[in-house]
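Text of query-v4.cif, listed as mmCIF, C-alpha atoms; chains and numbers go by the auth columns:
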```cif
data_structure
loop_
_atom_site.group_PDB
_atom_site.id
_atom_site.type_symbol
_atom_site.label_atom_id
_atom_site.label_comp_id
_atom_site.label_asym_id
_atom_site.label_seq_id
_atom_site.Cartn_x
_atom_site.Cartn_y
_atom_site.Cartn_z
_atom_site.B_iso_or_equiv
_atom_site.auth_seq_id
_atom_site.auth_asym_id
ATOM 1 C CA MET A 1 -38.785 -3.849 9.717 0.00 214 R
ATOM 2 C CA THR A 2 -37.285 -3.704 6.280 0.00 215 R
ATOM 3 C CA ASP A 3 -36.977 -5.694 3.079 0.00 216 R
ATOM 4 C CA ALA A 4 -33.277 -6.186 3.785 0.00 217 R
ATOM 5 C CA PRO A 5 -32.240 -9.828 3.501 0.00 218 R
ATOM 6 C CA ARG A 6 -31.320 -11.323 6.869 0.00 219 R
ATOM 7 C CA GLU A 7 -28.772 -13.770 5.460 0.00 220 R
ATOM 8 C CA ARG A 8 -25.417 -12.022 5.100 0.00 221 R
ATOM 9 C CA PRO A 9 -22.264 -13.554 3.587 0.00 222 R
ATOM 10 C CA LEU A 10 -19.957 -15.056 6.190 0.00 223 R
ATOM 11 C CA SER A 11 -16.338 -14.047 6.459 0.00 224 R
ATOM 12 C CA PRO A 12 -14.103 -17.033 5.655 0.00 225 R
ATOM 13 C CA HIS A 13 -12.410 -17.332 9.040 0.00 226 R
ATOM 14 C CA THR A 14 -9.467 -19.710 9.224 0.00 227 R
ATOM 15 C CA THR A 15 -11.198 -21.933 11.799 0.00 228 R
ATOM 16 C CA ILE A 16 -14.185 -22.749 9.585 0.00 229 R
ATOM 17 C CA TRP A 17 -12.704 -22.397 6.111 0.00 230 R
ATOM 18 C CA ARG A 18 -10.272 -24.774 4.400 0.00 231 R
ATOM 19 C CA TRP A 19 -7.016 -23.107 3.297 0.00 232 R
ATOM 20 C CA HIS A 20 -6.624 -22.636 -0.464 0.00 233 R
ATOM 21 C CA ALA A 21 -4.649 -20.413 -2.837 0.00 234 R
ATOM 22 C CA THR A 22 -7.139 -17.558 -3.245 0.00 235 R
ATOM 23 C CA MET A 23 -7.822 -17.417 0.498 0.00 236 R
ATOM 24 C CA ALA A 24 -4.134 -17.535 1.440 0.00 237 R
ATOM 25 C CA THR A 25 -3.204 -14.821 -1.058 0.00 238 R
ATOM 26 C CA SER A 26 -6.169 -12.688 0.020 0.00 239 R
ATOM 27 C CA ILE A 27 -4.886 -12.810 3.612 0.00 240 R
ATOM 28 C CA LEU A 28 -1.324 -12.199 2.387 0.00 241 R
ATOM 29 C CA HIS A 29 -2.584 -9.148 0.476 0.00 242 R
ATOM 30 C CA ARG A 30 -3.693 -7.613 3.777 0.00 243 R
ATOM 31 C CA VAL A 31 -0.568 -8.710 5.642 0.00 244 R
ATOM 32 C CA THR A 32 1.758 -7.313 2.956 0.00 245 R
ATOM 33 C CA GLY A 33 -0.317 -4.114 2.859 0.00 246 R
ATOM 34 C CA CYS A 34 0.251 -3.682 6.590 0.00 247 R
ATOM 35 C CA GLY A 35 3.951 -4.423 6.077 0.00 248 R
ATOM 36 C CA LEU A 36 4.114 -1.745 3.384 0.00 249 R
ATOM 37 C CA TYR A 37 2.569 0.702 5.875 0.00 250 R
ATOM 38 C CA GLY A 38 5.830 0.339 7.785 0.00 251 R
ATOM 39 C CA GLY A 39 7.756 0.488 4.519 0.00 252 R
ATOM 40 C CA ALA A 40 6.177 3.828 3.592 0.00 253 R
ATOM 41 C CA LEU A 41 7.119 5.204 7.017 0.00 254 R
ATOM 42 C CA ILE A 42 10.724 4.077 6.372 0.00 255 R
ATOM 43 C CA LEU A 43 10.609 5.801 2.965 0.00 256 R
ATOM 44 C CA ALA A 44 9.364 9.000 4.638 0.00 257 R
ATOM 45 C CA ALA A 45 12.130 8.757 7.271 0.00 258 R
ATOM 46 C CA TRP A 46 14.719 8.266 4.507 0.00 259 R
ATOM 47 C CA LEU A 47 13.447 11.362 2.656 0.00 260 R
ATOM 48 C CA VAL A 48 13.557 13.401 5.886 0.00 261 R
ATOM 49 C CA SER A 49 17.146 12.254 6.496 0.00 262 R
ATOM 50 C CA LEU A 50 18.052 13.179 2.922 0.00 263 R
ATOM 51 C CA ALA A 51 16.680 16.679 3.471 0.00 264 R
ATOM 52 C CA ALA A 52 18.295 16.959 6.925 0.00 265 R
ATOM 53 C CA GLY A 53 21.937 16.740 5.810 0.00 266 R
ATOM 54 C CA ASP A 54 25.018 14.535 5.520 0.00 267 R
ATOM 55 C CA GLY A 55 25.049 13.288 9.125 0.00 268 R
ATOM 56 C CA PRO A 56 21.427 12.132 9.374 0.00 269 R
ATOM 57 C CA TYR A 57 21.600 10.622 5.868 0.00 270 R
ATOM 58 C CA ALA A 58 24.733 8.614 6.720 0.00 271 R
ATOM 59 C CA GLU A 59 23.037 7.345 9.898 0.00 272 R
ATOM 60 C CA MET A 60 19.910 6.330 7.994 0.00 273 R
ATOM 61 C CA MET A 61 21.933 4.546 5.299 0.00 274 R
ATOM 62 C CA ALA A 62 23.930 2.740 8.013 0.00 275 R
ATOM 63 C CA ILE A 63 20.688 1.442 9.537 0.00 276 R
ATOM 64 C CA LEU A 64 19.239 0.412 6.166 0.00 277 R
ATOM 65 C CA GLY A 65 22.562 -1.116 5.094 0.00 278 R
ATOM 66 C CA SER A 66 22.979 -3.219 8.244 0.00 279 R
ATOM 67 C CA PRO A 67 22.156 -6.959 7.983 0.00 280 R
ATOM 68 C CA LEU A 68 18.846 -6.374 9.809 0.00 281 R
ATOM 69 C CA GLY A 69 18.104 -3.381 7.567 0.00 282 R
ATOM 70 C CA LYS A 70 18.777 -5.408 4.431 0.00 283 R
ATOM 71 C CA LEU A 71 16.576 -8.231 5.726 0.00 284 R
ATOM 72 C CA ALA A 72 13.756 -5.736 6.340 0.00 285 R
ATOM 73 C CA LEU A 73 14.249 -4.207 2.887 0.00 286 R
ATOM 74 C CA PHE A 74 14.198 -7.656 1.269 0.00 287 R
ATOM 75 C CA GLY A 75 10.947 -8.438 3.110 0.00 288 R
ATOM 76 C CA LEU A 76 9.539 -5.112 1.945 0.00 289 R
ATOM 77 C CA THR A 77 10.549 -5.936 -1.648 0.00 290 R
ATOM 78 C CA LEU A 78 8.547 -9.172 -1.398 0.00 291 R
ATOM 79 C CA CYS A 79 5.639 -7.173 0.080 0.00 292 R
ATOM 80 C CA VAL A 80 5.802 -4.570 -2.711 0.00 293 R
ATOM 81 C CA PHE A 81 5.743 -7.086 -5.550 0.00 294 R
ATOM 82 C CA PHE A 82 3.169 -9.378 -3.960 0.00 295 R
ATOM 83 C CA HIS A 83 0.834 -6.502 -3.076 0.00 296 R
ATOM 84 C CA LEU A 84 1.314 -5.072 -6.589 0.00 297 R
ATOM 85 C CA ALA A 85 0.470 -8.367 -8.322 0.00 298 R
ATOM 86 C CA LYS A 86 -2.437 -9.248 -6.030 0.00 299 R
ATOM 87 C CA GLY A 87 -3.691 -5.675 -6.326 0.00 300 R
ATOM 88 C CA ILE A 88 -3.813 -6.073 -10.105 0.00 301 R
ATOM 89 C CA GLN A 89 -5.769 -9.322 -9.683 0.00 302 R
ATOM 90 C CA HIS A 90 -8.180 -7.433 -7.411 0.00 303 R
ATOM 91 C CA LEU A 91 -8.549 -4.673 -10.047 0.00 304 R
ATOM 92 C CA ILE A 92 -9.344 -7.357 -12.654 0.00 305 R
ATOM 93 C CA TRP A 93 -11.930 -8.821 -10.254 0.00 306 R
ATOM 94 C CA ASP A 94 -13.363 -5.318 -9.754 0.00 307 R
ATOM 95 C CA LEU A 95 -13.937 -5.205 -13.529 0.00 308 R
ATOM 96 C CA GLY A 96 -16.031 -8.347 -13.104 0.00 309 R
ATOM 97 C CA ALA A 97 -13.575 -10.724 -14.775 0.00 310 R
ATOM 98 C CA GLY A 98 -11.391 -13.620 -13.658 0.00 311 R
ATOM 99 C CA PHE A 99 -13.786 -15.171 -11.164 0.00 312 R
ATOM 100 C CA LYS A 100 -13.766 -18.707 -12.647 0.00 313 R
ATOM 101 C CA LEU A 101 -12.162 -20.941 -10.036 0.00 314 R
ATOM 102 C CA PRO A 102 -9.221 -22.195 -12.153 0.00 315 R
ATOM 103 C CA THR A 103 -8.518 -18.609 -13.327 0.00 316 R
ATOM 104 C CA ALA A 104 -8.674 -17.214 -9.789 0.00 317 R
ATOM 105 C CA ASN A 105 -6.449 -19.992 -8.429 0.00 318 R
ATOM 106 C CA MET A 106 -3.953 -19.601 -11.268 0.00 319 R
ATOM 107 C CA GLY A 107 -3.892 -15.833 -10.651 0.00 320 R
ATOM 108 C CA ALA A 108 -3.137 -16.394 -6.965 0.00 321 R
ATOM 109 C CA ILE A 109 -0.225 -18.711 -7.801 0.00 322 R
ATOM 110 C CA ILE A 110 1.081 -16.247 -10.402 0.00 323 R
ATOM 111 C CA CYS A 111 1.045 -13.513 -7.728 0.00 324 R
ATOM 112 C CA LEU A 112 3.153 -15.658 -5.382 0.00 325 R
ATOM 113 C CA ALA A 113 5.580 -16.680 -8.128 0.00 326 R
ATOM 114 C CA PHE A 114 5.852 -13.116 -9.454 0.00 327 R
ATOM 115 C CA SER A 115 6.659 -11.663 -6.038 0.00 328 R
ATOM 116 C CA VAL A 116 9.502 -14.161 -5.513 0.00 329 R
ATOM 117 C CA VAL A 117 10.937 -13.824 -9.049 0.00 330 R
ATOM 118 C CA ALA A 118 10.626 -10.011 -9.156 0.00 331 R
ATOM 119 C CA SER A 119 12.204 -9.629 -5.692 0.00 332 R
ATOM 120 C CA ALA A 120 15.103 -11.908 -6.618 0.00 333 R
ATOM 121 C CA THR A 121 15.553 -9.982 -9.891 0.00 334 R
ATOM 122 C CA ILE A 122 15.612 -6.535 -8.279 0.00 335 R
ATOM 123 C CA TRP A 123 18.102 -7.717 -5.627 0.00 336 R
ATOM 124 C CA ILE A 124 20.324 -9.223 -8.327 0.00 337 R
ATOM 125 C CA ILE A 125 20.106 -5.889 -10.188 0.00 338 R
ATOM 126 C CA ALA A 126 20.960 -4.118 -6.915 0.00 339 R
ATOM 127 C CA GLY A 127 23.930 -6.439 -6.400 0.00 340 R
ATOM 128 C CA LEU A 128 25.202 -5.972 -9.954 0.00 341 R
ATOM 129 C CA ALA A 129 24.790 -2.203 -9.662 0.00 342 R
ATOM 130 C CA GLY A 130 26.865 -2.264 -6.462 0.00 343 R
ATOM 131 C CA ALA A 131 24.105 -1.270 -4.050 0.00 344 R
ATOM 132 C CA LEU A 132 24.679 -4.102 -1.549 0.00 345 R
ATOM 133 C CA MET B 1 -50.237 -5.929 -1.398 0.00 152 O
ATOM 134 C CA MET B 2 -48.683 -4.929 1.922 0.00 153 O
ATOM 135 C CA GLN B 3 -45.582 -3.682 0.120 0.00 154 O
ATOM 136 C CA ASN B 4 -47.487 -0.681 -1.228 0.00 155 O
ATOM 137 C CA TYR B 5 -47.653 0.793 2.282 0.00 156 O
ATOM 138 C CA ARG B 6 -43.884 0.929 2.546 0.00 157 O
ATOM 139 C CA THR B 7 -42.223 4.285 1.876 0.00 158 O
ATOM 140 C CA PRO B 8 -39.076 4.388 -0.308 0.00 159 O
ATOM 141 C CA LEU B 9 -37.103 5.134 2.891 0.00 160 O
ATOM 142 C CA GLY B 10 -38.600 2.106 4.579 0.00 161 O
ATOM 143 C CA ARG B 11 -37.560 -0.119 1.703 0.00 162 O
ATOM 144 C CA ALA B 12 -34.036 1.299 1.567 0.00 163 O
ATOM 145 C CA ARG B 13 -33.255 1.084 5.300 0.00 164 O
ATOM 146 C CA GLY B 14 -30.989 -1.780 6.290 0.00 165 O
ATOM 147 C CA LEU B 15 -29.695 -2.282 2.755 0.00 166 O
ATOM 148 C CA GLY B 16 -26.442 -0.531 3.553 0.00 167 O
ATOM 149 C CA SER B 17 -25.116 2.968 3.158 0.00 168 O
ATOM 150 C CA ALA B 18 -25.902 5.002 0.103 0.00 169 O
ATOM 151 C CA LYS B 19 -23.470 6.933 -2.072 0.00 170 O
ATOM 152 C CA HIS B 20 -20.653 8.243 0.121 0.00 171 O
ATOM 153 C CA GLY B 21 -19.236 4.826 1.083 0.00 172 O
ATOM 154 C CA VAL B 22 -18.594 4.228 -2.600 0.00 173 O
ATOM 155 C CA SER B 23 -16.165 7.143 -2.872 0.00 174 O
ATOM 156 C CA ALA B 24 -13.841 5.532 -0.301 0.00 175 O
ATOM 157 C CA TRP B 25 -13.919 2.262 -2.258 0.00 176 O
ATOM 158 C CA ILE B 26 -13.291 4.002 -5.590 0.00 177 O
ATOM 159 C CA GLY B 27 -10.540 6.160 -4.068 0.00 178 O
ATOM 160 C CA GLU B 28 -8.671 3.040 -2.980 0.00 179 O
ATOM 161 C CA ARG B 29 -8.902 1.589 -6.519 0.00 180 O
ATOM 162 C CA VAL B 30 -7.948 4.796 -8.318 0.00 181 O
ATOM 163 C CA THR B 31 -4.872 5.224 -6.118 0.00 182 O
ATOM 164 C CA ALA B 32 -4.054 1.521 -6.683 0.00 183 O
ATOM 165 C CA VAL B 33 -4.053 2.054 -10.462 0.00 184 O
ATOM 166 C CA ALA B 34 -1.825 5.141 -10.123 0.00 185 O
ATOM 167 C CA LEU B 35 0.572 3.307 -7.809 0.00 186 O
ATOM 168 C CA VAL B 36 1.287 0.470 -10.277 0.00 187 O
ATOM 169 C CA PRO B 37 3.618 2.551 -12.516 0.00 188 O
ATOM 170 C CA LEU B 38 4.738 4.865 -9.679 0.00 189 O
ATOM 171 C CA VAL B 39 5.904 1.995 -7.454 0.00 190 O
ATOM 172 C CA LEU B 40 7.762 0.200 -10.274 0.00 191 O
ATOM 173 C CA TRP B 41 9.503 3.481 -11.135 0.00 192 O
ATOM 174 C CA GLY B 42 10.241 4.187 -7.446 0.00 193 O
ATOM 175 C CA VAL B 43 11.690 0.753 -6.672 0.00 194 O
ATOM 176 C CA TYR B 44 14.013 0.929 -9.682 0.00 195 O
ATOM 177 C CA TRP B 45 15.314 4.390 -8.806 0.00 196 O
ATOM 178 C CA LEU B 46 15.715 3.719 -5.090 0.00 197 O
ATOM 179 C CA VAL B 47 17.970 0.790 -6.030 0.00 198 O
ATOM 180 C CA MET B 48 19.968 3.036 -8.385 0.00 199 O
ATOM 181 C CA ILE B 49 20.310 5.697 -5.660 0.00 200 O
ATOM 182 C CA ALA B 50 21.453 3.053 -3.164 0.00 201 O
ATOM 183 C CA ALA B 51 24.012 1.890 -5.724 0.00 202 O
ATOM 184 C CA ALA B 52 25.467 5.399 -6.022 0.00 203 O
ATOM 185 C CA HIS B 53 26.507 5.384 -2.295 0.00 204 O
ATOM 186 C CA SER B 54 26.438 9.170 -2.228 0.00 205 O
ATOM 187 C CA ARG B 55 24.076 11.695 -0.722 0.00 206 O
ATOM 188 C CA GLN B 56 25.040 14.207 -3.393 0.00 207 O
ATOM 189 C CA ALA B 57 23.909 11.768 -6.089 0.00 208 O
ATOM 190 C CA ALA B 58 20.555 11.326 -4.322 0.00 209 O
ATOM 191 C CA VAL B 59 20.158 15.108 -3.986 0.00 210 O
ATOM 192 C CA ALA B 60 21.060 15.665 -7.657 0.00 211 O
ATOM 193 C CA TRP B 61 18.585 12.969 -8.713 0.00 212 O
ATOM 194 C CA LEU B 62 15.774 14.534 -6.659 0.00 213 O
ATOM 195 C CA ALA B 63 16.623 17.993 -8.014 0.00 214 O
ATOM 196 C CA ASP B 64 15.416 16.889 -11.447 0.00 215 O
ATOM 197 C CA PRO B 65 11.841 18.272 -11.783 0.00 216 O
ATOM 198 C CA ILE B 66 10.426 15.039 -13.260 0.00 217 O
ATOM 199 C CA ASN B 67 11.915 12.941 -10.444 0.00 218 O
ATOM 200 C CA ALA B 68 10.780 15.391 -7.764 0.00 219 O
ATOM 201 C CA VAL B 69 7.201 15.547 -9.071 0.00 220 O
ATOM 202 C CA LEU B 70 6.920 11.772 -9.534 0.00 221 O
ATOM 203 C CA MET B 71 8.357 11.253 -6.046 0.00 222 O
ATOM 204 C CA VAL B 72 5.804 13.695 -4.572 0.00 223 O
ATOM 205 C CA LEU B 73 3.068 11.808 -6.421 0.00 224 O
ATOM 206 C CA LEU B 74 4.419 8.424 -5.299 0.00 225 O
ATOM 207 C CA THR B 75 4.528 9.418 -1.619 0.00 226 O
ATOM 208 C CA SER B 76 1.248 11.354 -1.509 0.00 227 O
ATOM 209 C CA VAL B 77 -0.729 8.734 -3.458 0.00 228 O
ATOM 210 C CA ALA B 78 0.893 5.927 -1.415 0.00 229 O
ATOM 211 C CA PHE B 79 0.023 7.620 1.874 0.00 230 O
ATOM 212 C CA PHE B 80 -3.569 8.161 0.705 0.00 231 O
ATOM 213 C CA HIS B 81 -3.780 4.496 -0.339 0.00 232 O
ATOM 214 C CA MET B 82 -2.276 3.130 2.880 0.00 233 O
ATOM 215 C CA HIS B 83 -4.599 5.298 4.938 0.00 234 O
ATOM 216 C CA ALA B 84 -7.561 3.820 3.041 0.00 235 O
ATOM 217 C CA GLY B 85 -6.230 0.272 3.415 0.00 236 O
ATOM 218 C CA MET B 86 -5.448 0.496 7.134 0.00 237 O
ATOM 219 C CA ARG B 87 -8.834 2.124 7.715 0.00 238 O
ATOM 220 C CA VAL B 88 -10.570 -0.950 6.262 0.00 239 O
ATOM 221 C CA VAL B 89 -8.396 -3.253 8.393 0.00 240 O
ATOM 222 C CA VAL B 90 -9.300 -1.333 11.573 0.00 241 O
ATOM 223 C CA GLU B 91 -12.998 -1.220 10.651 0.00 242 O
ATOM 224 C CA ASP B 92 -12.982 -4.971 9.954 0.00 243 O
ATOM 225 C CA TYR B 93 -11.213 -6.213 13.072 0.00 244 O
ATOM 226 C CA ILE B 94 -11.819 -3.713 15.876 0.00 245 O
ATOM 227 C CA GLU B 95 -15.284 -3.938 17.391 0.00 246 O
ATOM 228 C CA ARG B 96 -15.032 -1.660 20.443 0.00 247 O
ATOM 229 C CA HIS B 97 -16.215 1.781 19.383 0.00 248 O
ATOM 230 C CA LEU B 98 -13.707 3.850 21.379 0.00 249 O
ATOM 231 C CA THR B 99 -10.715 1.702 20.354 0.00 250 O
ATOM 232 C CA LYS B 100 -11.831 1.811 16.726 0.00 251 O
ATOM 233 C CA THR B 101 -12.241 5.592 16.764 0.00 252 O
ATOM 234 C CA LEU B 102 -8.827 6.133 18.376 0.00 253 O
ATOM 235 C CA LEU B 103 -7.121 3.794 15.892 0.00 254 O
ATOM 236 C CA LEU B 104 -8.834 5.477 12.920 0.00 255 O
ATOM 237 C CA LEU B 105 -7.679 8.881 14.217 0.00 256 O
ATOM 238 C CA ALA B 106 -4.145 7.560 14.791 0.00 257 O
ATOM 239 C CA ASN B 107 -4.125 6.111 11.259 0.00 258 O
ATOM 240 C CA LEU B 108 -5.181 9.457 9.773 0.00 259 O
ATOM 241 C CA PHE B 109 -2.667 11.456 11.830 0.00 260 O
ATOM 242 C CA VAL B 110 0.252 9.080 11.162 0.00 261 O
ATOM 243 C CA CYS B 111 -0.436 9.039 7.412 0.00 262 O
ATOM 244 C CA GLY B 112 -1.002 12.803 7.333 0.00 263 O
ATOM 245 C CA LEU B 113 2.163 13.595 9.306 0.00 264 O
ATOM 246 C CA ALA B 114 4.458 11.115 7.539 0.00 265 O
ATOM 247 C CA GLY B 115 3.047 12.061 4.126 0.00 266 O
ATOM 248 C CA ALA B 116 3.522 15.770 4.800 0.00 267 O
ATOM 249 C CA LEU B 117 7.082 15.209 6.076 0.00 268 O
ATOM 250 C CA ALA B 118 7.906 13.148 2.978 0.00 269 O
ATOM 251 C CA VAL B 119 6.501 15.715 0.540 0.00 270 O
ATOM 252 C CA PHE B 120 8.132 18.660 2.322 0.00 271 O
ATOM 253 C CA SER B 121 11.500 16.862 2.400 0.00 272 O
ATOM 254 C CA ILE B 122 11.315 16.135 -1.329 0.00 273 O
ATOM 255 C CA LEU B 123 10.499 19.784 -2.072 0.00 274 O
ATOM 256 C CA LYS B 124 13.268 21.028 0.232 0.00 275 O
ATOM 257 C CA VAL B 125 15.841 18.877 -1.576 0.00 276 O
ATOM 258 C CA ALA B 126 14.396 19.602 -5.039 0.00 277 O
ATOM 259 C CA LEU B 127 14.319 23.362 -4.478 0.00 278 O
ATOM 260 C CA GLY B 128 17.953 23.441 -3.410 0.00 279 O
ATOM 261 C CA GLY B 129 17.466 23.692 0.354 0.00 280 O
ATOM 262 C CA ALA B 130 19.508 20.598 1.177 0.00 281 O
#
```

Turn this file's structure into structure tokens for me.
Amino acid sequence: MTDAPRERPLSPHTTIWRWHATMATSILHRVTGCGLYGGALILAAWLVSLAAGDGPYAEMMAILGSPLGKLALFGLTLCVFFHLAKGIQHLIWDLGAGFKLPTANMGAIICLAFSVVASATIWIIAGLAGAL
Amino acid sequence: MMQNYRTPLGRARGLGSAKHGVSAWIGERVTAVALVPLVLWGVYWLVMIAAAHSRQAAVAWLADPINAVLMVLLTSVAFFHMHAGMRVVVEDYIERHLTKTLLLLANLFVCGLAGALAVFSILKVALGGA
């Protein structure tokens, strides 16, 4: 027997917890993190192709430049910027700040808005620079 | 006062792990902080490299020592961070001990292999081998 409290916090499962901004973005943070796992593997594959020579690099760029490749890269851009923004909110929470409900909710909405605006901006920059 | 009969160990048991679990948590945060500037820098330059439509331009860019070092840092820190993140996901959702152990090993090996391939490729290009 110990002095450990028996009551432990419950995980907010979707079946027993009402959806709201902080919960949705918390789940999205994990989902985008898992997406970026794949993104990092693509980055590694691209670097390997770059080191391997002209042929492999051209093949890799053809895959990434295909419509499906561009769609995946756009999704990864959204993942990058969302995970970045939400990660910063988590770092602020880790400092012990920003826990007031309106602040936390506003932060969650800012993360969503930032990921959309930043992704659109970087793809417009890519288009203007002639990358597409 | 029954409590006086309890040893310090008896009082601490069941309250969770001590000390070494914290390093994993801190490691995830420290790499997160480092990745904020590295990722913004990386996204911008990957777009610029894509815009150049030339392998030679990508090779020349990576041959610059600053770019090569930052790219090594970006990939190694990112692979450390994603290993830490996926580890938490596996630990949270997988209950069966054998499945969990195999997935944690796979996570470590995938991150280790892909991270090593990425870093070696950067160095090969940067040092004039490609």

* Quick one: of O:Ala209, O:Leu253, O:Ala214, O:Leu221, who's nearest to chain R, counting only C-alpha atoms? -> O:Ala209

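Residue nearest Phe327 of chain R within the list R:Leu291, R:Ala234, R:Leu281, R:Leu286: R:Leu291 [criterion: smallest interatomic distance, all atoms listed in the file].
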
* To do: Select residues of chain O: the criterion is any atom within 8 Å of an atom of chain R, counting all atoms listed in the file; output as a ChimeraX atom specification.
  => /O:161-166,180,183,187,195,198-199,201-204,206,209-210,226,229-230,233,236-237,240,265-266,268-269,272-273,275-276,280-281

Axis-aligned box over every listed atom of segment 240-252 of chain R, padded by 6 Å per side: centre and edges in Å to one decimal, as JSON?
```
{"center_x": 1.4, "center_y": -6.1, "center_z": 4.1, "size_x": 24.6, "size_y": 25.5, "size_z": 19.3}
```

* To do: Have a look at atom CA of Ile240 of chain R and atom CA of Gly172 of chain O and let me know their distance in Å, one decimal.
  => 22.9 Å

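Put simply, atom CA of Ala175 of chain O is 10.1 Å away from atom CA of His232 of chain O.
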
* To do: Rank R:Cys292, R:Ala275, R:Thr235, R:Lys283 by their smallest atom-to-atom distance to Leu314 of chain R, using all atoms listed in the file, and report the top residue only.
  =>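 Distance minimum relative to Leu314 of chain R lands on R:Thr235.
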
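The space separating atom CA of Ser224 of chain R from atom CA of Ala326 of chain R comes to 26.5 Å.
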
* Best match for closeness to Val184 of chain O among R:Leu241, R:Met236, R:Leu284, R:Ile305, counting all atoms listed in the file ->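 Of R:Leu241, R:Met236, R:Leu284, R:Ile305, the one nearest Val184 of chain O, counting all atoms listed in the file, is R:Ile305.
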
* **Nearest candidate to Ser174 of chain O (options O:Ala235, O:Ala211, O:Ala257, O:Leu191; using all atoms listed in the file)** =>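 Once distances to Ser174 of chain O are computed over all atoms listed in the file, the minimum belongs to O:Ala235.
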